[in-house]
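coords-v2.pdb follows; it contains PDB, C-alpha atoms, pLDDT in the B column.
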```pdb
ATOM      1  CA  MET A 581      43.882  96.917  62.451  1.00 42.00           C
ATOM      2  CA  SER A 582      47.347  97.225  63.808  1.00 49.00           C
ATOM      3  CA  THR A 583      48.059  98.637  67.200  1.00 49.00           C
ATOM      4  CA  PRO A 584      51.191 100.587  68.112  1.00 50.00           C
ATOM      5  CA  LEU A 585      53.539  98.521  70.225  1.00 48.00           C
ATOM      6  CA  PRO A 586      53.001  99.482  73.862  1.00 59.00           C
ATOM      7  CA  ASP A 587      55.407  96.906  75.214  1.00 79.00           C
ATOM      8  CA  LEU A 588      59.056  97.753  74.618  1.00 82.00           C
ATOM      9  CA  GLY A 589      60.345  94.455  76.033  1.00 83.00           C
ATOM     10  CA  VAL A 590      58.465  92.314  73.525  1.00 85.00           C
ATOM     11  CA  GLU A 591      59.565  94.557  70.688  1.00 87.00           C
ATOM     12  CA  ILE A 592      63.228  94.291  71.677  1.00 89.00           C
ATOM     13  CA  LEU A 593      62.940  90.517  72.091  1.00 90.00           C
ATOM     14  CA  VAL A 594      61.331  90.094  68.668  1.00 91.00           C
ATOM     15  CA  SER A 595      63.875  92.433  67.051  1.00 92.00           C
ATOM     16  CA  ALA A 596      66.810  90.559  68.601  1.00 93.00           C
ATOM     17  CA  LEU A 597      65.442  87.185  67.470  1.00 94.00           C
ATOM     18  CA  ILE A 598      64.872  88.530  63.962  1.00 94.00           C
ATOM     19  CA  LEU A 599      68.408  89.926  63.756  1.00 95.00           C
ATOM     20  CA  ILE A 600      69.939  86.675  65.048  1.00 95.00           C
ATOM     21  CA  GLY A 601      67.893  84.601  62.621  1.00 94.00           C
ATOM     22  CA  ALA A 602      68.711  86.761  59.614  1.00 95.00           C
ATOM     23  CA  LEU A 603      72.405  86.758  60.549  1.00 95.00           C
ATOM     24  CA  PHE A 604      72.466  82.964  60.788  1.00 94.00           C
ATOM     25  CA  SER A 605      70.755  82.449  57.458  1.00 94.00           C
ATOM     26  CA  PHE A 606      73.127  84.999  55.892  1.00 95.00           C
ATOM     27  CA  LEU A 607      76.140  83.167  57.337  1.00 94.00           C
ATOM     28  CA  GLY A 608      74.811  79.837  56.119  1.00 93.00           C
ATOM     29  CA  SER A 609      74.578  81.111  52.565  1.00 93.00           C
ATOM     30  CA  LEU A 610      77.966  82.807  52.900  1.00 93.00           C
ATOM     31  CA  GLY A 611      79.410  79.414  53.778  1.00 91.00           C
ATOM     32  CA  LEU A 612      77.742  78.039  50.667  1.00 90.00           C
ATOM     33  CA  ILE A 613      79.868  80.283  48.464  1.00 89.00           C
ATOM     34  CA  ARG A 614      83.018  80.470  50.595  1.00 89.00           C
ATOM     35  CA  LEU A 615      83.751  76.865  51.572  1.00 87.00           C
ATOM     36  CA  ARG A 616      85.975  74.819  49.322  1.00 86.00           C
ATOM     37  CA  ASP A 617      84.428  71.479  48.475  1.00 87.00           C
ATOM     38  CA  PHE A 618      80.948  70.026  48.357  1.00 88.00           C
ATOM     39  CA  TYR A 619      81.214  68.044  51.572  1.00 88.00           C
ATOM     40  CA  SER A 620      82.169  71.208  53.483  1.00 88.00           C
ATOM     41  CA  ARG A 621      79.519  73.246  51.717  1.00 90.00           C
ATOM     42  CA  LEU A 622      76.911  70.696  52.744  1.00 90.00           C
ATOM     43  CA  HIS A 623      77.279  71.757  56.363  1.00 90.00           C
ATOM     44  CA  SER A 624      76.624  75.480  56.370  1.00 90.00           C
ATOM     45  CA  PRO A 625      73.199  75.722  54.662  1.00 90.00           C
ATOM     46  CA  THR A 626      71.742  72.637  56.278  1.00 91.00           C
ATOM     47  CA  LYS A 627      72.721  73.642  59.800  1.00 91.00           C
ATOM     48  CA  ALA A 628      73.236  77.401  60.084  1.00 93.00           C
ATOM     49  CA  THR A 629      70.418  78.393  57.742  1.00 93.00           C
ATOM     50  CA  THR A 630      67.966  76.001  59.363  1.00 92.00           C
ATOM     51  CA  LEU A 631      68.866  77.387  62.778  1.00 93.00           C
ATOM     52  CA  GLY A 632      68.405  80.933  61.455  1.00 94.00           C
ATOM     53  CA  VAL A 633      64.968  80.167  60.055  1.00 94.00           C
ATOM     54  CA  GLY A 634      64.104  78.535  63.380  1.00 93.00           C
ATOM     55  CA  SER A 635      65.038  81.731  65.193  1.00 94.00           C
ATOM     56  CA  LEU A 636      62.964  83.801  62.755  1.00 94.00           C
ATOM     57  CA  LEU A 637      60.009  81.504  63.345  1.00 93.00           C
ATOM     58  CA  VAL A 638      60.370  81.854  67.121  1.00 92.00           C
ATOM     59  CA  ALA A 639      60.405  85.631  66.657  1.00 92.00           C
ATOM     60  CA  SER A 640      57.282  85.405  64.537  1.00 91.00           C
ATOM     61  CA  ALA A 641      55.555  83.186  67.105  1.00 91.00           C
ATOM     62  CA  VAL A 642      56.320  85.668  69.889  1.00 90.00           C
ATOM     63  CA  PHE A 643      55.166  88.557  67.709  1.00 89.00           C
ATOM     64  CA  PHE A 644      51.847  87.007  66.720  1.00 88.00           C
ATOM     65  CA  SER A 645      51.159  85.570  70.165  1.00 87.00           C
ATOM     66  CA  TRP A 646      51.562  89.043  71.545  1.00 84.00           C
ATOM     67  CA  HIS A 647      49.903  90.832  68.627  1.00 79.00           C
ATOM     68  CA  GLY A 648      46.991  88.520  67.915  1.00 75.00           C
ATOM     69  CA  PRO A 649      44.106  87.213  69.998  1.00 78.00           C
ATOM     70  CA  GLY A 650      45.835  84.097  71.329  1.00 77.00           C
ATOM     71  CA  PRO A 651      48.997  82.004  71.129  1.00 80.00           C
ATOM     72  CA  SER A 652      50.099  81.467  67.552  1.00 78.00           C
ATOM     73  CA  LEU A 653      51.080  77.904  66.637  1.00 80.00           C
ATOM     74  CA  HIS A 654      51.455  78.016  62.851  1.00 81.00           C
ATOM     75  CA  GLU A 655      55.164  78.694  63.199  1.00 85.00           C
ATOM     76  CA  VAL A 656      55.716  75.543  65.208  1.00 88.00           C
ATOM     77  CA  LEU A 657      54.408  73.529  62.270  1.00 88.00           C
ATOM     78  CA  VAL A 658      56.822  75.150  59.812  1.00 90.00           C
ATOM     79  CA  ALA A 659      59.764  74.913  62.239  1.00 91.00           C
ATOM     80  CA  LEU A 660      59.051  71.261  63.016  1.00 91.00           C
ATOM     81  CA  PHE A 661      58.842  70.392  59.334  1.00 92.00           C
ATOM     82  CA  LEU A 662      62.074  72.229  58.478  1.00 91.00           C
ATOM     83  CA  PHE A 663      63.981  70.731  61.400  1.00 92.00           C
ATOM     84  CA  ILE A 664      62.873  67.213  60.466  1.00 93.00           C
ATOM     85  CA  THR A 665      63.522  67.474  56.734  1.00 93.00           C
ATOM     86  CA  ALA A 666      66.841  69.378  56.720  1.00 92.00           C
ATOM     87  CA  PRO A 667      69.002  66.431  57.925  1.00 92.00           C
ATOM     88  CA  VAL A 668      67.121  64.012  55.680  1.00 93.00           C
ATOM     89  CA  GLY A 669      67.762  66.217  52.661  1.00 92.00           C
ATOM     90  CA  ALA A 670      71.425  66.638  53.601  1.00 92.00           C
ATOM     91  CA  HIS A 671      71.802  62.874  53.900  1.00 92.00           C
ATOM     92  CA  LEU A 672      70.226  62.322  50.490  1.00 92.00           C
ATOM     93  CA  MET A 673      72.495  64.948  48.889  1.00 91.00           C
ATOM     94  CA  ALA A 674      75.599  63.438  50.498  1.00 90.00           C
ATOM     95  CA  LYS A 675      74.610  60.007  49.195  1.00 89.00           C
ATOM     96  CA  ALA A 676      74.090  61.419  45.712  1.00 89.00           C
ATOM     97  CA  ALA A 677      77.506  63.117  45.819  1.00 88.00           C
ATOM     98  CA  LEU A 678      79.219  59.923  46.956  1.00 87.00           C
ATOM     99  CA  HIS A 679      77.421  57.998  44.251  1.00 85.00           C
ATOM    100  CA  LEU A 680      78.691  60.433  41.620  1.00 84.00           C
ATOM    101  CA  ARG A 681      82.199  60.268  43.187  1.00 82.00           C
ATOM    102  CA  THR A 682      82.294  64.030  43.706  1.00 77.00           C
ATOM    103  CA  ARG A 683      85.851  64.946  44.630  1.00 78.00           C
ATOM    104  CA  GLY A 684      86.510  66.543  47.984  1.00 76.00           C
ATOM    105  CA  GLN A 685      89.650  67.791  49.668  1.00 76.00           C
ATOM    106  CA  SER A 686      90.307  64.459  51.311  1.00 75.00           C
ATOM    107  CA  GLU A 687      90.264  61.102  49.591  1.00 76.00           C
ATOM    108  CA  LEU A 688      86.999  59.326  48.944  1.00 75.00           C
ATOM    109  CA  PRO A 689      86.345  56.108  50.868  1.00 73.00           C
ATOM    110  CA  SER A 690      87.325  52.854  49.202  1.00 74.00           C
ATOM    111  CA  GLU A 691      85.211  51.412  46.407  1.00 73.00           C
ATOM    112  CA  GLU A 692      83.936  48.616  48.670  1.00 71.00           C
ATOM    113  CA  LEU A 693      82.533  51.168  51.086  1.00 71.00           C
ATOM    114  CA  LEU A 694      81.078  53.291  48.303  1.00 72.00           C
ATOM    115  CA  GLU A 695      79.414  50.304  46.676  1.00 73.00           C
ATOM    116  CA  GLY A 696      77.942  49.235  49.993  1.00 69.00           C
ATOM    117  CA  LYS A 697      79.531  45.777  49.923  1.00 65.00           C
ATOM    118  CA  LYS A 698      80.086  43.796  53.079  1.00 62.00           C
ATOM    119  CA  VAL A 699      82.912  45.441  54.975  1.00 63.00           C
ATOM    120  CA  THR A 700      84.956  43.746  57.670  1.00 64.00           C
ATOM    121  CA  GLY A 701      86.941  45.330  60.466  1.00 65.00           C
ATOM    122  CA  ALA A 702      90.214  44.708  58.639  1.00 64.00           C
ATOM    123  CA  ASP A 703      88.975  46.707  55.644  1.00 61.00           C
ATOM    124  CA  LEU A 704      88.061  49.615  57.891  1.00 61.00           C
ATOM    125  CA  ASP A 705      91.500  49.528  59.529  1.00 64.00           C
ATOM    126  CA  ARG A 706      93.222  49.526  56.163  1.00 62.00           C
ATOM    127  CA  ASP A 707      90.926  52.292  54.946  1.00 58.00           C
ATOM    128  CA  SER A 708      91.604  54.595  57.889  1.00 60.00           C
ATOM    129  CA  GLY A 709      95.319  53.851  57.768  1.00 53.00           C
ATOM    130  CA  ARG A 710      95.724  55.482  54.391  1.00 50.00           C
TER     131      ARG A 710
ATOM    132  CA  MET B 803      43.711  92.671  53.219  1.00 36.00           C
ATOM    133  CA  SER B 804      46.723  92.804  55.457  1.00 40.00           C
ATOM    134  CA  ASP B 805      47.156  95.014  58.415  1.00 45.00           C
ATOM    135  CA  LEU B 806      49.165  98.191  58.351  1.00 43.00           C
ATOM    136  CA  PRO B 807      52.830  97.852  59.198  1.00 46.00           C
ATOM    137  CA  ASN B 808      53.242  98.243  62.905  1.00 47.00           C
ATOM    138  CA  SER B 809      54.709 101.426  64.232  1.00 56.00           C
ATOM    139  CA  GLY B 810      57.610 100.176  66.381  1.00 78.00           C
ATOM    140  CA  ILE B 811      60.819 101.892  65.341  1.00 85.00           C
ATOM    141  CA  ILE B 812      63.181  99.211  66.690  1.00 86.00           C
ATOM    142  CA  LEU B 813      61.217  96.413  65.051  1.00 86.00           C
ATOM    143  CA  ASN B 814      61.095  98.217  61.723  1.00 88.00           C
ATOM    144  CA  GLY B 815      64.847  98.804  61.809  1.00 90.00           C
ATOM    145  CA  ALA B 816      65.517  95.164  62.648  1.00 91.00           C
ATOM    146  CA  LEU B 817      63.182  94.082  59.866  1.00 92.00           C
ATOM    147  CA  ALA B 818      64.945  96.314  57.347  1.00 93.00           C
ATOM    148  CA  ILE B 819      68.367  94.873  58.273  1.00 94.00           C
ATOM    149  CA  ALA B 820      66.956  91.339  58.196  1.00 94.00           C
ATOM    150  CA  PHE B 821      65.447  91.863  54.737  1.00 95.00           C
ATOM    151  CA  VAL B 822      68.828  92.992  53.430  1.00 95.00           C
ATOM    152  CA  LEU B 823      70.622  90.013  55.007  1.00 95.00           C
ATOM    153  CA  VAL B 824      68.143  87.432  53.751  1.00 95.00           C
ATOM    154  CA  GLY B 825      68.139  89.056  50.309  1.00 95.00           C
ATOM    155  CA  ALA B 826      71.929  88.801  50.207  1.00 95.00           C
ATOM    156  CA  ALA B 827      71.629  85.154  51.288  1.00 94.00           C
ATOM    157  CA  LEU B 828      69.219  84.529  48.406  1.00 95.00           C
ATOM    158  CA  LEU B 829      71.640  86.112  45.941  1.00 94.00           C
ATOM    159  CA  MET B 830      74.540  84.015  47.247  1.00 93.00           C
ATOM    160  CA  SER B 831      72.638  80.759  46.931  1.00 92.00           C
ATOM    161  CA  LEU B 832      71.531  81.834  43.454  1.00 93.00           C
ATOM    162  CA  TRP B 833      75.190  82.386  42.570  1.00 93.00           C
ATOM    163  CA  ARG B 834      76.039  78.875  43.743  1.00 92.00           C
ATOM    164  CA  LEU B 835      73.079  77.529  41.776  1.00 92.00           C
ATOM    165  CA  VAL B 836      74.405  79.096  38.564  1.00 93.00           C
ATOM    166  CA  VAL B 837      78.128  78.509  39.096  1.00 89.00           C
ATOM    167  CA  GLY B 838      78.211  75.360  41.226  1.00 76.00           C
ATOM    168  CA  PRO B 839      80.754  72.981  39.683  1.00 85.00           C
ATOM    169  CA  ASP B 840      78.898  69.736  40.389  1.00 84.00           C
ATOM    170  CA  GLN B 841      75.314  68.596  40.235  1.00 88.00           C
ATOM    171  CA  PRO B 842      75.012  68.008  44.022  1.00 89.00           C
ATOM    172  CA  ASP B 843      76.147  71.615  44.524  1.00 91.00           C
ATOM    173  CA  ARG B 844      73.200  72.806  42.486  1.00 92.00           C
ATOM    174  CA  ILE B 845      70.757  70.680  44.454  1.00 92.00           C
ATOM    175  CA  LEU B 846      72.201  72.079  47.672  1.00 93.00           C
ATOM    176  CA  ALA B 847      71.902  75.628  46.351  1.00 93.00           C
ATOM    177  CA  LEU B 848      68.272  75.022  45.356  1.00 93.00           C
ATOM    178  CA  ASP B 849      67.528  73.652  48.821  1.00 93.00           C
ATOM    179  CA  THR B 850      69.145  76.711  50.416  1.00 94.00           C
ATOM    180  CA  LEU B 851      67.136  78.953  48.108  1.00 94.00           C
ATOM    181  CA  TYR B 852      63.915  77.327  49.341  1.00 94.00           C
ATOM    182  CA  VAL B 853      64.886  77.667  53.005  1.00 94.00           C
ATOM    183  CA  ASN B 854      65.833  81.323  52.497  1.00 94.00           C
ATOM    184  CA  THR B 855      62.510  81.925  50.769  1.00 94.00           C
ATOM    185  CA  VAL B 856      60.744  80.544  53.837  1.00 94.00           C
ATOM    186  CA  ALA B 857      62.762  82.995  55.947  1.00 94.00           C
ATOM    187  CA  LEU B 858      61.783  85.873  53.645  1.00 94.00           C
ATOM    188  CA  LEU B 859      58.098  84.942  53.828  1.00 93.00           C
ATOM    189  CA  VAL B 860      58.198  84.790  57.639  1.00 93.00           C
ATOM    190  CA  LEU B 861      59.802  88.238  57.698  1.00 93.00           C
ATOM    191  CA  LEU B 862      57.128  89.548  55.337  1.00 93.00           C
ATOM    192  CA  GLY B 863      54.428  88.124  57.602  1.00 91.00           C
ATOM    193  CA  VAL B 864      55.864  90.012  60.578  1.00 90.00           C
ATOM    194  CA  GLN B 865      56.313  93.191  58.531  1.00 90.00           C
ATOM    195  CA  LEU B 866      52.719  93.192  57.316  1.00 89.00           C
ATOM    196  CA  ALA B 867      51.355  91.714  60.594  1.00 85.00           C
ATOM    197  CA  SER B 868      49.471  89.169  58.535  1.00 85.00           C
ATOM    198  CA  ASN B 869      48.831  85.487  59.198  1.00 84.00           C
ATOM    199  CA  LEU B 870      48.450  84.673  55.520  1.00 86.00           C
ATOM    200  CA  TYR B 871      52.097  83.957  54.868  1.00 88.00           C
ATOM    201  CA  PHE B 872      52.508  80.879  57.059  1.00 88.00           C
ATOM    202  CA  GLU B 873      50.563  78.655  54.733  1.00 89.00           C
ATOM    203  CA  ALA B 874      52.714  79.861  51.843  1.00 91.00           C
ATOM    204  CA  ALA B 875      55.875  79.273  53.898  1.00 91.00           C
ATOM    205  CA  LEU B 876      54.740  75.772  54.825  1.00 92.00           C
ATOM    206  CA  LEU B 877      53.919  74.947  51.204  1.00 93.00           C
ATOM    207  CA  ILE B 878      57.289  76.214  49.987  1.00 93.00           C
ATOM    208  CA  ALA B 879      59.102  74.199  52.669  1.00 92.00           C
ATOM    209  CA  LEU B 880      57.142  71.113  51.599  1.00 93.00           C
ATOM    210  CA  ILE B 881      57.821  71.584  47.893  1.00 94.00           C
ATOM    211  CA  GLY B 882      61.481  72.298  48.651  1.00 93.00           C
ATOM    212  CA  PHE B 883      61.933  69.038  50.507  1.00 93.00           C
ATOM    213  CA  VAL B 884      60.137  66.998  47.868  1.00 94.00           C
ATOM    214  CA  GLY B 885      62.224  68.645  45.140  1.00 93.00           C
ATOM    215  CA  THR B 886      65.475  68.003  47.001  1.00 93.00           C
ATOM    216  CA  ALA B 887      64.576  64.382  47.638  1.00 92.00           C
ATOM    217  CA  ALA B 888      63.504  63.823  44.030  1.00 93.00           C
ATOM    218  CA  LEU B 889      66.632  65.427  42.544  1.00 92.00           C
ATOM    219  CA  ALA B 890      68.954  63.544  44.895  1.00 91.00           C
ATOM    220  CA  LYS B 891      67.188  60.307  44.078  1.00 90.00           C
ATOM    221  CA  TYR B 892      67.447  61.056  40.388  1.00 91.00           C
ATOM    222  CA  LEU B 893      71.210  61.530  40.690  1.00 89.00           C
ATOM    223  CA  THR B 894      71.591  58.414  42.818  1.00 86.00           C
ATOM    224  CA  ARG B 895      69.337  55.957  40.996  1.00 84.00           C
ATOM    225  CA  GLY B 896      68.921  57.474  37.547  1.00 81.00           C
ATOM    226  CA  ASP B 897      65.169  57.493  37.986  1.00 77.00           C
ATOM    227  CA  ILE B 898      62.682  59.067  40.368  1.00 74.00           C
ATOM    228  CA  ILE B 899      59.803  56.612  40.468  1.00 76.00           C
ATOM    229  CA  GLU B 900      61.051  53.094  39.927  1.00 72.00           C
TER     230      GLU B 900
END
```

Here is a file; write its structure as structure tokens.
Amino acid sequence: MSTPLPDLGVEILVSALILIGALFSFLGSLGLIRLRDFYSRLHSPTKATTLGVGSLLVASAVFFSWHGPGPSLHEVLVALFLFITAPVGAHLMAKAALHLRTRGQSELPSEELLEGKKVTGADLDRDSGR
Amino acid sequence: MSDLPNSGIILNGALAIAFVLVGAALLMSLWRLVVGPDQPDRILALDTLYVNTVALLVLLGVQLASNLYFEAALLIALIGFVGTAALAKYLTRGDIIE
């Protein structure tokens, strides 16, 4: 049984959080199609979209805490999981792209760095000097 | 059985706009999934598709004022991460379970 919203403040807060969250996840996916190379494209979905979903989950937590019998904690579980796994997934994808030598706008690191061989300070200096 | 949609006008308007935005986000990541020039691009698009689906499910839960959708959202987030990790590992190592 749903009740009409008697509290305008909560409604405005939830609406604002929902709009912010949807805008961020939209912008994250827009970056996915607009940015130029894979290493740039890696940023927008893994950061902006995750932040947007986090905002949506906060909105949902406020809504259900206010709407339901008590504080609602399901959202925290989802948000925690997403915020932990998003950087891990981005790291794995970046490693896969480097392994496949996916071309970006700037030059790839040297083969020694890509192969994970022992790298000395002189190699790093030469690498950054290019 | 889910509850009736709540009657707040502001919230319903915000939800309608948010559904459109998240739907557009889903379409854009689908476009990258189909077009994406490299294999890592497709993995990234699939990951974004999963995250956007979680967003859509959360919105649906608020729209219908139902608690049922959090378990589905959590499961989709879980499957999305496992799929991303498995695909990235497949591209990196050539095998998933060594």

What are the nearest atom pairs, with distances in Å to one decimal, for all residues of chain B that come at most 8 Å from chain A, using only C-alpha atoms, set out by chain and rising residue number as JSON lines?
```
{"residue": "B:Asp805", "atom": "CA", "partner": "A:Met581", "partner_atom": "CA", "distance": 5.5}
{"residue": "B:Leu806", "atom": "CA", "partner": "A:Ser582", "partner_atom": "CA", "distance": 5.8}
{"residue": "B:Pro807", "atom": "CA", "partner": "A:Ser582", "partner_atom": "CA", "distance": 7.2}
{"residue": "B:Asn808", "atom": "CA", "partner": "A:Ser582", "partner_atom": "CA", "distance": 6.1}
{"residue": "B:Ser809", "atom": "CA", "partner": "A:Pro584", "partner_atom": "CA", "distance": 5.3}
{"residue": "B:Gly810", "atom": "CA", "partner": "A:Leu585", "partner_atom": "CA", "distance": 5.8}
{"residue": "B:Ile812", "atom": "CA", "partner": "A:Ser595", "partner_atom": "CA", "distance": 6.8}
{"residue": "B:Leu813", "atom": "CA", "partner": "A:Ser595", "partner_atom": "CA", "distance": 5.2}
{"residue": "B:Ala816", "atom": "CA", "partner": "A:Ser595", "partner_atom": "CA", "distance": 5.4}
{"residue": "B:Leu817", "atom": "CA", "partner": "A:Ile598", "partner_atom": "CA", "distance": 7.1}
{"residue": "B:Ile819", "atom": "CA", "partner": "A:Leu599", "partner_atom": "CA", "distance": 7.4}
{"residue": "B:Ala820", "atom": "CA", "partner": "A:Ala602", "partner_atom": "CA", "distance": 5.1}
{"residue": "B:Phe821", "atom": "CA", "partner": "A:Ala602", "partner_atom": "CA", "distance": 7.8}
{"residue": "B:Leu823", "atom": "CA", "partner": "A:Phe606", "partner_atom": "CA", "distance": 5.7}
{"residue": "B:Val824", "atom": "CA", "partner": "A:Ala602", "partner_atom": "CA", "distance": 5.9}
{"residue": "B:Ala826", "atom": "CA", "partner": "A:Phe606", "partner_atom": "CA", "distance": 6.9}
{"residue": "B:Ala827", "atom": "CA", "partner": "A:Phe606", "partner_atom": "CA", "distance": 4.8}
{"residue": "B:Leu828", "atom": "CA", "partner": "A:Ser609", "partner_atom": "CA", "distance": 7.6}
{"residue": "B:Met830", "atom": "CA", "partner": "A:Ser609", "partner_atom": "CA", "distance": 6.1}
{"residue": "B:Ser831", "atom": "CA", "partner": "A:Ser609", "partner_atom": "CA", "distance": 6.0}
{"residue": "B:Trp833", "atom": "CA", "partner": "A:Ile613", "partner_atom": "CA", "distance": 7.8}
{"residue": "B:Arg834", "atom": "CA", "partner": "A:Ile613", "partner_atom": "CA", "distance": 6.2}
{"residue": "B:Asp840", "atom": "CA", "partner": "A:Thr682", "partner_atom": "CA", "distance": 7.4}
{"residue": "B:Pro842", "atom": "CA", "partner": "A:Ala677", "partner_atom": "CA", "distance": 5.8}
{"residue": "B:Asp843", "atom": "CA", "partner": "A:Phe618", "partner_atom": "CA", "distance": 6.3}
{"residue": "B:Ile845", "atom": "CA", "partner": "A:Met673", "partner_atom": "CA", "distance": 7.5}
{"residue": "B:Leu846", "atom": "CA", "partner": "A:Leu622", "partner_atom": "CA", "distance": 7.1}
{"residue": "B:Ala847", "atom": "CA", "partner": "A:Leu612", "partner_atom": "CA", "distance": 7.7}
{"residue": "B:Thr850", "atom": "CA", "partner": "A:Pro625", "partner_atom": "CA", "distance": 6.0}
{"residue": "B:Val853", "atom": "CA", "partner": "A:Thr630", "partner_atom": "CA", "distance": 7.3}
{"residue": "B:Asn854", "atom": "CA", "partner": "A:Ser605", "partner_atom": "CA", "distance": 7.1}
{"residue": "B:Val856", "atom": "CA", "partner": "A:Val633", "partner_atom": "CA", "distance": 7.5}
{"residue": "B:Ala857", "atom": "CA", "partner": "A:Val633", "partner_atom": "CA", "distance": 5.5}
{"residue": "B:Val860", "atom": "CA", "partner": "A:Leu637", "partner_atom": "CA", "distance": 6.8}
{"residue": "B:Leu861", "atom": "CA", "partner": "A:Leu636", "partner_atom": "CA", "distance": 7.4}
{"residue": "B:Gly863", "atom": "CA", "partner": "A:Ser640", "partner_atom": "CA", "distance": 8.0}
{"residue": "B:Val864", "atom": "CA", "partner": "A:Ser640", "partner_atom": "CA", "distance": 6.2}
{"residue": "B:Ala867", "atom": "CA", "partner": "A:Ser582", "partner_atom": "CA", "distance": 7.5}
{"residue": "B:Phe872", "atom": "CA", "partner": "A:His654", "partner_atom": "CA", "distance": 6.5}
{"residue": "B:Ala875", "atom": "CA", "partner": "A:Val658", "partner_atom": "CA", "distance": 7.3}
{"residue": "B:Leu876", "atom": "CA", "partner": "A:Val658", "partner_atom": "CA", "distance": 5.4}
{"residue": "B:Ala879", "atom": "CA", "partner": "A:Leu662", "partner_atom": "CA", "distance": 6.8}
{"residue": "B:Leu880", "atom": "CA", "partner": "A:Phe661", "partner_atom": "CA", "distance": 8.0}
{"residue": "B:Phe883", "atom": "CA", "partner": "A:Thr665", "partner_atom": "CA", "distance": 6.6}
{"residue": "B:Thr886", "atom": "CA", "partner": "A:Gly669", "partner_atom": "CA", "distance": 6.4}
{"residue": "B:Ala887", "atom": "CA", "partner": "A:Gly669", "partner_atom": "CA", "distance": 6.2}
{"residue": "B:Ala890", "atom": "CA", "partner": "A:Met673", "partner_atom": "CA", "distance": 5.5}
{"residue": "B:Lys891", "atom": "CA", "partner": "A:Ala676", "partner_atom": "CA", "distance": 7.2}
{"residue": "B:Leu893", "atom": "CA", "partner": "A:Ala676", "partner_atom": "CA", "distance": 5.8}
{"residue": "B:Thr894", "atom": "CA", "partner": "A:Ala676", "partner_atom": "CA", "distance": 4.9}
```

Axis-aligned box for all listed atoms of segment 682-696 of chain A, 3 Å per side, centre and edges in Å to one decimal, as JSON:
```
{"center_x": 84.1, "center_y": 58.2, "center_z": 47.5, "size_x": 18.4, "size_y": 25.2, "size_z": 13.6}
```

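One distance worth recording is that between atom CA of Ile664 of chain A and atom CA of Asp849 of chain B, which is 14.1 Å.
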
Task: Atom pair atom CA of Leu859 of chain B / atom CA of Leu877 of chain B: separation (Å) - done: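 It comes out at 11.1 Å.
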
Open item on the list: Rounded to one decimal, what separation in Å do you get between atom CA of Pro667 of chain A and atom CA of Val822 of chain B?
Closed with: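 It comes out at 26.9 Å.
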
Test item: the PyMOL selection byres ((chain A and resi 685-689) around 10) resolved as a PDB file with C-alpha atoms, in the coordinates of the input:
```pdb
ATOM      1  CA  ARG A 616      85.975  74.819  49.322  1.00 86.00           C
ATOM      2  CA  ASP A 617      84.428  71.479  48.475  1.00 87.00           C
ATOM      3  CA  PHE A 618      80.948  70.026  48.357  1.00 88.00           C
ATOM      4  CA  TYR A 619      81.214  68.044  51.572  1.00 88.00           C
ATOM      5  CA  SER A 620      82.169  71.208  53.483  1.00 88.00           C
ATOM      6  CA  LEU A 678      79.219  59.923  46.956  1.00 87.00           C
ATOM      7  CA  ARG A 681      82.199  60.268  43.187  1.00 82.00           C
ATOM      8  CA  THR A 682      82.294  64.030  43.706  1.00 77.00           C
ATOM      9  CA  ARG A 683      85.851  64.946  44.630  1.00 78.00           C
ATOM     10  CA  GLY A 684      86.510  66.543  47.984  1.00 76.00           C
ATOM     11  CA  SER A 690      87.325  52.854  49.202  1.00 74.00           C
ATOM     12  CA  GLU A 691      85.211  51.412  46.407  1.00 73.00           C
ATOM     13  CA  GLU A 692      83.936  48.616  48.670  1.00 71.00           C
ATOM     14  CA  LEU A 693      82.533  51.168  51.086  1.00 71.00           C
ATOM     15  CA  LEU A 694      81.078  53.291  48.303  1.00 72.00           C
ATOM     16  CA  GLU A 695      79.414  50.304  46.676  1.00 73.00           C
ATOM     17  CA  LEU A 704      88.061  49.615  57.891  1.00 61.00           C
ATOM     18  CA  ASP A 707      90.926  52.292  54.946  1.00 58.00           C
ATOM     19  CA  SER A 708      91.604  54.595  57.889  1.00 60.00           C
ATOM     20  CA  ARG A 710      95.724  55.482  54.391  1.00 50.00           C
TER      21      ARG A 710
END
```
